[in-house]
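*Asks:* The following block contains the structure, expressed as structure tokens.
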Amino acid sequence: MKSEQANTNRLTVKSVLDKRLPNGLQLLDAEVWLNSLSEVGYAELRTVTTQQENDAPKIVCAECEWPVYSPDIGGKCRFFQHRKGFPKTCCYSGEGKDPGAIKSAVFSIGTGSA
Ligand SMILES: [Zn+2]
């Protein structure tokens, strides 16, 4: 069952490091963390990830340590994606698609064009 969703899941960064925390406490499960946040807490986190530049990242991918962000797509769907320029070798890279391509790829799933 899980293998069917593998392609889509790869677009989402599942584990992140919160560089604001002490060493040893930084590794967080993205889904658990995001879903534990209140609306206010989530908005604050989105602000942090939106503002961070590549030279001073605070929330990064646990695999490649590239900065991540959480796109606001509405509803309760919360997830992290790499910011632009991420390493294509990362296992969460989604085969190097940019956010625009990811979006169209997601929407094309239901059309049977893939
Ligand atoms: Zn990564």
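So you can find residues: chains in the structure tokens are A, B, ... in the order shown, residues in each start at 1, and ligands are numbered from 1 in order.
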Need to verify the contact set: Ala56 in chain A, 10 Å, only C-alpha atoms, exclusion of same-chain residues closer than 4 positions in sequence. Can you return it as a list in words?
*Replies:*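 Contacts, with the query itself left out: Lys19, Gln51, Gln52 and Pro67 of chain A.
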*Asks:* Return as CSV the residues of chain A lying at most 12 Å from ligand 1, together with the closest atom-to-atom pair for each and the distance in Å to one decimal, counting only C-alpha atoms and all ligand atoms, with rows in chain order and ascending residue number.
*Replies:*
```
residue,atom,partner,partner_atom_place_in_ligand_line,distance
A:Arg10,CA,ligand 1,1 (Zn),9.9
A:Leu11,CA,ligand 1,1 (Zn),9.8
A:Thr12,CA,ligand 1,1 (Zn),9.3
A:Val13,CA,ligand 1,1 (Zn),6.6
A:Lys14,CA,ligand 1,1 (Zn),9.1
A:Ser15,CA,ligand 1,1 (Zn),8.8
A:Val16,CA,ligand 1,1 (Zn),8.5
A:Leu17,CA,ligand 1,1 (Zn),10.5
A:Ile59,CA,ligand 1,1 (Zn),11.3
A:Val60,CA,ligand 1,1 (Zn),7.7
A:Cys61,CA,ligand 1,1 (Zn),4.5
A:Ala62,CA,ligand 1,1 (Zn),6.5
A:Glu63,CA,ligand 1,1 (Zn),4.8
A:Cys64,CA,ligand 1,1 (Zn),4.1
A:Glu65,CA,ligand 1,1 (Zn),6.0
A:Trp66,CA,ligand 1,1 (Zn),5.7
A:Pro67,CA,ligand 1,1 (Zn),8.2
A:Val68,CA,ligand 1,1 (Zn),8.2
A:Tyr69,CA,ligand 1,1 (Zn),11.5
A:Phe80,CA,ligand 1,1 (Zn),10.2
A:Gln81,CA,ligand 1,1 (Zn),8.4
A:His82,CA,ligand 1,1 (Zn),6.4
A:Arg83,CA,ligand 1,1 (Zn),9.4
A:Lys84,CA,ligand 1,1 (Zn),11.1
A:Gly85,CA,ligand 1,1 (Zn),10.6
A:Phe86,CA,ligand 1,1 (Zn),6.9
A:Pro87,CA,ligand 1,1 (Zn),6.9
A:Lys88,CA,ligand 1,1 (Zn),8.4
A:Thr89,CA,ligand 1,1 (Zn),8.1
A:Cys90,CA,ligand 1,1 (Zn),4.7
A:Cys91,CA,ligand 1,1 (Zn),6.6
A:Tyr92,CA,ligand 1,1 (Zn),5.4
A:Ser93,CA,ligand 1,1 (Zn),6.2
A:Gly94,CA,ligand 1,1 (Zn),9.7
A:Glu95,CA,ligand 1,1 (Zn),11.3
A:Gly96,CA,ligand 1,1 (Zn),10.7
```
*Asks:* Between A:Leu45, A:Ser70, A:Val32, A:Lys58, single out the one closest to Asp18 in chain A, counting only C-alpha atoms.
*Replies:*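 Counting only C-alpha atoms, the residue closest to Asp18 in chain A is A:Lys58.
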*Asks:* If I take CA of Pro22 in chain A and CA of Glu39 in chain A, how far is one from the other in Å, to one decimal?
*Replies:*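 Going from CA of Pro22 in chain A over to CA of Glu39 in chain A, I get 24.7 Å.
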*Asks:* Can you tell me how far CA of Asn23 in chain A sits from CA of Pro57 in chain A, in Å to one decimal?
*Replies:*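 We find that CA of Asn23 in chain A and CA of Pro57 in chain A lie 15.0 Å from each other.
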*Asks:* Give me the residues near Ser36 in chain A as JSON, numbers by chain, where near means some atom within 12 Å (using only C-alpha atoms) and where sequence neighbours in that chain fewer than 6 positions away do not count.
*Replies:* {"A": [28, 29, 30, 42, 45, 76, 78]}
*Asks:* What does the structure give for the distance between CA of Arg46 in chain A and CA of Leu21 in chain A, in Å to one decimal?
*Replies:*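 For CA of Arg46 in chain A relative to CA of Leu21 in chain A, the distance reads 16.9 Å.
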